[in-house]
>>> print(open('structure.cif').read())   # mmCIF, N, CA and C atoms
data_target
loop_
_atom_site.label_atom_id
_atom_site.label_comp_id
_atom_site.auth_asym_id
_atom_site.auth_seq_id
_atom_site.Cartn_x
_atom_site.Cartn_y
_atom_site.Cartn_z
N MET A 211 3.15 7.05 -24.41
CA MET A 211 3.29 6.56 -23.06
C MET A 211 4.65 5.85 -22.96
N VAL A 212 5.40 6.16 -21.94
CA VAL A 212 6.71 5.54 -21.76
C VAL A 212 6.55 4.15 -21.15
N LEU A 213 7.58 3.34 -21.30
CA LEU A 213 7.51 1.95 -20.82
C LEU A 213 7.20 1.84 -19.34
N ARG A 214 7.80 2.69 -18.53
CA ARG A 214 7.56 2.60 -17.09
C ARG A 214 6.08 2.84 -16.78
N GLU A 215 5.47 3.80 -17.44
CA GLU A 215 4.05 4.09 -17.23
C GLU A 215 3.18 2.93 -17.72
N THR A 216 3.56 2.36 -18.86
CA THR A 216 2.82 1.22 -19.40
C THR A 216 2.90 0.04 -18.44
N PHE A 217 4.11 -0.24 -17.96
CA PHE A 217 4.29 -1.32 -17.00
C PHE A 217 3.45 -1.08 -15.75
N ALA A 218 3.53 0.14 -15.19
CA ALA A 218 2.81 0.46 -13.96
C ALA A 218 1.31 0.26 -14.13
N LYS A 219 0.77 0.77 -15.22
CA LYS A 219 -0.66 0.63 -15.49
C LYS A 219 -1.05 -0.84 -15.63
N ASN A 220 -0.28 -1.58 -16.41
CA ASN A 220 -0.61 -2.99 -16.65
C ASN A 220 -0.43 -3.84 -15.41
N LEU A 221 0.57 -3.55 -14.60
CA LEU A 221 0.75 -4.30 -13.35
C LEU A 221 -0.50 -4.15 -12.49
N ARG A 222 -0.98 -2.93 -12.34
CA ARG A 222 -2.16 -2.70 -11.51
C ARG A 222 -3.38 -3.42 -12.09
N LEU A 223 -3.59 -3.28 -13.40
CA LEU A 223 -4.74 -3.93 -14.03
C LEU A 223 -4.68 -5.45 -13.89
N MET A 224 -3.51 -6.03 -14.08
CA MET A 224 -3.36 -7.48 -13.99
C MET A 224 -3.50 -7.97 -12.55
N ARG A 225 -3.00 -7.19 -11.61
CA ARG A 225 -3.15 -7.55 -10.20
C ARG A 225 -4.63 -7.55 -9.82
N LEU A 226 -5.34 -6.51 -10.22
CA LEU A 226 -6.77 -6.43 -9.91
C LEU A 226 -7.55 -7.55 -10.61
N ALA A 227 -7.19 -7.85 -11.85
CA ALA A 227 -7.86 -8.93 -12.58
C ALA A 227 -7.65 -10.27 -11.89
N ALA A 228 -6.51 -10.42 -11.22
CA ALA A 228 -6.22 -11.65 -10.49
C ALA A 228 -6.89 -11.67 -9.12
N GLY A 229 -7.51 -10.56 -8.75
CA GLY A 229 -8.20 -10.48 -7.47
C GLY A 229 -7.27 -10.36 -6.28
N LEU A 230 -6.11 -9.76 -6.49
CA LEU A 230 -5.11 -9.65 -5.42
C LEU A 230 -4.96 -8.21 -4.97
N THR A 231 -4.69 -8.04 -3.69
CA THR A 231 -4.31 -6.73 -3.18
C THR A 231 -2.81 -6.56 -3.40
N GLN A 232 -2.34 -5.34 -3.25
CA GLN A 232 -0.90 -5.11 -3.35
C GLN A 232 -0.17 -5.96 -2.32
N GLU A 233 -0.72 -6.02 -1.13
CA GLU A 233 -0.09 -6.79 -0.05
C GLU A 233 -0.02 -8.28 -0.40
N GLU A 234 -1.10 -8.83 -0.95
CA GLU A 234 -1.10 -10.26 -1.32
C GLU A 234 -0.08 -10.55 -2.41
N LEU A 235 -0.05 -9.71 -3.45
CA LEU A 235 0.92 -9.92 -4.52
C LEU A 235 2.34 -9.79 -3.99
N ALA A 236 2.58 -8.77 -3.19
CA ALA A 236 3.90 -8.57 -2.63
C ALA A 236 4.35 -9.79 -1.82
N HIS A 237 3.47 -10.30 -0.98
CA HIS A 237 3.80 -11.46 -0.15
C HIS A 237 4.12 -12.67 -1.02
N ARG A 238 3.29 -12.94 -2.01
CA ARG A 238 3.50 -14.10 -2.87
C ARG A 238 4.80 -14.00 -3.66
N ALA A 239 5.15 -12.78 -4.10
CA ALA A 239 6.35 -12.59 -4.91
C ALA A 239 7.60 -12.33 -4.07
N GLY A 240 7.42 -12.17 -2.76
CA GLY A 240 8.57 -11.94 -1.88
C GLY A 240 9.04 -10.50 -1.84
N PHE A 241 8.11 -9.56 -2.02
CA PHE A 241 8.44 -8.14 -1.97
C PHE A 241 7.69 -7.47 -0.83
N ASP A 242 8.11 -6.26 -0.52
CA ASP A 242 7.40 -5.42 0.42
C ASP A 242 6.21 -4.79 -0.30
N ARG A 243 5.10 -4.60 0.39
CA ARG A 243 3.92 -4.00 -0.23
C ARG A 243 4.22 -2.61 -0.77
N ASN A 244 5.05 -1.86 -0.06
CA ASN A 244 5.39 -0.51 -0.52
C ASN A 244 6.10 -0.55 -1.86
N TYR A 245 6.92 -1.57 -2.09
CA TYR A 245 7.63 -1.70 -3.36
C TYR A 245 6.63 -1.93 -4.50
N VAL A 246 5.66 -2.80 -4.29
CA VAL A 246 4.64 -3.05 -5.31
C VAL A 246 3.86 -1.76 -5.58
N GLY A 247 3.53 -1.02 -4.54
CA GLY A 247 2.84 0.25 -4.71
C GLY A 247 3.67 1.24 -5.51
N ASN A 248 4.96 1.30 -5.22
CA ASN A 248 5.84 2.19 -5.97
C ASN A 248 5.95 1.77 -7.44
N LEU A 249 5.97 0.47 -7.70
CA LEU A 249 5.98 -0.01 -9.08
C LEU A 249 4.71 0.43 -9.81
N GLU A 250 3.57 0.29 -9.14
CA GLU A 250 2.29 0.64 -9.76
C GLU A 250 2.15 2.15 -9.98
N ARG A 251 2.86 2.95 -9.22
CA ARG A 251 2.82 4.40 -9.40
C ARG A 251 3.94 4.89 -10.31
N GLY A 252 4.78 3.97 -10.78
CA GLY A 252 5.88 4.36 -11.65
C GLY A 252 7.04 5.01 -10.94
N LYS A 253 7.09 4.85 -9.63
CA LYS A 253 8.18 5.45 -8.84
C LYS A 253 9.45 4.60 -8.90
N ASN A 254 9.30 3.30 -9.09
CA ASN A 254 10.43 2.38 -9.21
C ASN A 254 10.37 1.68 -10.55
N SER A 255 11.53 1.29 -11.05
CA SER A 255 11.62 0.49 -12.27
C SER A 255 11.96 -0.94 -11.89
N PRO A 256 11.27 -1.92 -12.46
CA PRO A 256 11.54 -3.31 -12.09
C PRO A 256 12.78 -3.86 -12.78
N THR A 257 13.45 -4.77 -12.11
CA THR A 257 14.54 -5.51 -12.75
C THR A 257 13.92 -6.68 -13.53
N VAL A 258 14.73 -7.34 -14.32
CA VAL A 258 14.25 -8.52 -15.05
C VAL A 258 13.80 -9.58 -14.07
N ASP A 259 14.53 -9.78 -12.99
CA ASP A 259 14.15 -10.76 -11.97
C ASP A 259 12.80 -10.41 -11.35
N THR A 260 12.58 -9.11 -11.10
CA THR A 260 11.30 -8.67 -10.55
C THR A 260 10.16 -8.96 -11.52
N LEU A 261 10.38 -8.66 -12.81
CA LEU A 261 9.37 -8.95 -13.82
C LEU A 261 9.00 -10.43 -13.83
N GLU A 262 10.01 -11.29 -13.75
CA GLU A 262 9.75 -12.73 -13.75
C GLU A 262 8.96 -13.16 -12.53
N ARG A 263 9.31 -12.64 -11.37
CA ARG A 263 8.60 -13.03 -10.14
C ARG A 263 7.16 -12.57 -10.15
N LEU A 264 6.92 -11.33 -10.58
CA LEU A 264 5.55 -10.82 -10.64
C LEU A 264 4.73 -11.58 -11.68
N ALA A 265 5.32 -11.83 -12.84
CA ALA A 265 4.62 -12.56 -13.90
C ALA A 265 4.25 -13.96 -13.44
N ARG A 266 5.15 -14.61 -12.75
CA ARG A 266 4.88 -15.97 -12.26
C ARG A 266 3.68 -15.95 -11.31
N GLU A 267 3.64 -14.99 -10.41
CA GLU A 267 2.54 -14.93 -9.44
C GLU A 267 1.22 -14.51 -10.08
N LEU A 268 1.29 -13.77 -11.18
CA LEU A 268 0.07 -13.35 -11.88
C LEU A 268 -0.30 -14.31 -13.01
N ASP A 269 0.52 -15.32 -13.21
CA ASP A 269 0.30 -16.34 -14.25
C ASP A 269 0.17 -15.71 -15.64
N ILE A 270 1.15 -14.85 -15.95
CA ILE A 270 1.21 -14.21 -17.26
C ILE A 270 2.63 -14.30 -17.79
N GLN A 271 2.81 -13.97 -19.06
CA GLN A 271 4.14 -13.86 -19.64
C GLN A 271 4.70 -12.48 -19.29
N PRO A 272 5.98 -12.36 -18.95
CA PRO A 272 6.54 -11.06 -18.57
C PRO A 272 6.31 -9.96 -19.61
N GLY A 273 6.33 -10.31 -20.87
CA GLY A 273 6.12 -9.29 -21.91
C GLY A 273 4.75 -8.66 -21.87
N ALA A 274 3.79 -9.32 -21.24
CA ALA A 274 2.43 -8.77 -21.16
C ALA A 274 2.40 -7.45 -20.38
N PHE A 275 3.38 -7.23 -19.52
CA PHE A 275 3.43 -5.98 -18.77
C PHE A 275 3.65 -4.77 -19.69
N PHE A 276 4.17 -5.02 -20.89
CA PHE A 276 4.53 -3.92 -21.78
C PHE A 276 3.61 -3.79 -22.99
N ALA A 277 2.49 -4.50 -22.98
CA ALA A 277 1.52 -4.40 -24.07
C ALA A 277 0.82 -3.04 -23.96
N TYR A 278 0.85 -2.30 -25.03
CA TYR A 278 0.20 -0.99 -25.03
C TYR A 278 -1.30 -1.14 -25.17
N SER A 279 -2.02 -0.31 -24.47
CA SER A 279 -3.47 -0.25 -24.62
C SER A 279 -3.86 1.21 -24.73
N ARG A 280 -4.94 1.46 -25.40
CA ARG A 280 -5.36 2.85 -25.59
C ARG A 280 -6.55 3.16 -24.75
#
>>> encode(input="structure.cif", output="structure tokens")
Amino acid sequence: MVLRETFAKNLRLMRLAAGLTQEELAHRAGFDRNYVGNLERGKNSPTVDTLERLARELDIQPGAFFAYSR
């Protein structure tokens, strides 16, 4: 699995675990909902700043987005 796919999968799982919709997460992090959707589908790659903002809103460490799961 490539990093972008791992990130996309983990972002969605962590967002759902936090009980947030794409729209809620996007609003809290200062993004458009479509951008969050594109990140979760692997259509966009996040910048380091984006990783930090999403991690802050999900109360996780940024590196957690890249933890592999089987």
>>> closest_residue(input="structure.cif", among="A:Gly273, A:Gly247, A:Gly229, A:Gly252", to="Arg214 (chain A)", atoms="all atoms listed in the file")
A:Gly252
>>> closest_residue(input="structure.cif", among="A:Ala239, A:Ala277, A:Val246, A:Ala218", to="Leu264 (chain A)", atoms="only N, CA and C atoms")
A:Ala239
>>> atom_distance(input="structure.cif", atom1="atom N of Asn244 (chain A)", atom2="atom N of Tyr278 (chain A)")
25.3 Å
>>> atom_distance(input="structure.cif", atom1="atom C of Gly240 (chain A)", atom2="atom N of Glu215 (chain A)")
21.5 Å
>>> atom_distance(input="structure.cif", atom1="CA of Ala265 (chain A)", atom2="CA of Leu223 (chain A)")
12.7 Å
>>> closest_residue(input="structure.cif", among="A:Val258, A:Phe275, A:Arg243, A:Lys253", to="Lys219 (chain A)", atoms="only C-alpha atoms")
A:Phe275
>>> select_by_dssp(input="structure.cif", residues="chain A", states="alpha helix (DSSP H)", output="PyMOL selection string")
chain A and resi 213-227+232-239+243-250+258-268
>>> build_atoms(input="structure.cif", residues="region 212-226 of chain A", atoms="N, CA, C and O atoms", output="short mmCIF file (atom, residue, chain, number, x, y, z; two decimals), keeping the file's coordinate frame")
data_model
loop_
_atom_site.label_atom_id
_atom_site.label_comp_id
_atom_site.auth_asym_id
_atom_site.auth_seq_id
_atom_site.Cartn_x
_atom_site.Cartn_y
_atom_site.Cartn_z
N VAL A 212 5.40 6.16 -21.94
CA VAL A 212 6.71 5.54 -21.76
C VAL A 212 6.55 4.15 -21.15
O VAL A 212 5.51 3.82 -20.57
N LEU A 213 7.58 3.34 -21.30
CA LEU A 213 7.51 1.95 -20.82
C LEU A 213 7.20 1.84 -19.34
O LEU A 213 6.44 0.97 -18.93
N ARG A 214 7.80 2.69 -18.53
CA ARG A 214 7.56 2.60 -17.09
C ARG A 214 6.08 2.84 -16.78
O ARG A 214 5.49 2.15 -15.95
N GLU A 215 5.47 3.80 -17.44
CA GLU A 215 4.05 4.09 -17.23
C GLU A 215 3.18 2.93 -17.72
O GLU A 215 2.20 2.58 -17.08
N THR A 216 3.56 2.36 -18.86
CA THR A 216 2.82 1.22 -19.40
C THR A 216 2.90 0.04 -18.44
O THR A 216 1.90 -0.60 -18.13
N PHE A 217 4.11 -0.24 -17.96
CA PHE A 217 4.29 -1.32 -17.00
C PHE A 217 3.45 -1.08 -15.75
O PHE A 217 2.74 -1.97 -15.28
N ALA A 218 3.53 0.14 -15.19
CA ALA A 218 2.81 0.46 -13.96
C ALA A 218 1.31 0.26 -14.13
O ALA A 218 0.65 -0.37 -13.28
N LYS A 219 0.77 0.77 -15.22
CA LYS A 219 -0.66 0.63 -15.49
C LYS A 219 -1.05 -0.84 -15.63
O LYS A 219 -2.04 -1.30 -15.04
N ASN A 220 -0.28 -1.58 -16.41
CA ASN A 220 -0.61 -2.99 -16.65
C ASN A 220 -0.43 -3.84 -15.41
O ASN A 220 -1.22 -4.76 -15.17
N LEU A 221 0.57 -3.55 -14.60
CA LEU A 221 0.75 -4.30 -13.35
C LEU A 221 -0.50 -4.15 -12.49
O LEU A 221 -1.04 -5.14 -11.98
N ARG A 222 -0.98 -2.93 -12.34
CA ARG A 222 -2.16 -2.70 -11.51
C ARG A 222 -3.38 -3.42 -12.09
O ARG A 222 -4.12 -4.09 -11.37
N LEU A 223 -3.59 -3.28 -13.40
CA LEU A 223 -4.74 -3.93 -14.03
C LEU A 223 -4.68 -5.45 -13.89
O LEU A 223 -5.70 -6.09 -13.60
N MET A 224 -3.51 -6.03 -14.08
CA MET A 224 -3.36 -7.48 -13.99
C MET A 224 -3.50 -7.97 -12.55
O MET A 224 -4.05 -9.03 -12.31
N ARG A 225 -3.00 -7.19 -11.61
CA ARG A 225 -3.15 -7.55 -10.20
C ARG A 225 -4.63 -7.55 -9.82
O ARG A 225 -5.12 -8.49 -9.18
N LEU A 226 -5.34 -6.51 -10.22
CA LEU A 226 -6.77 -6.43 -9.91
C LEU A 226 -7.55 -7.55 -10.61
O LEU A 226 -8.45 -8.14 -10.01
#
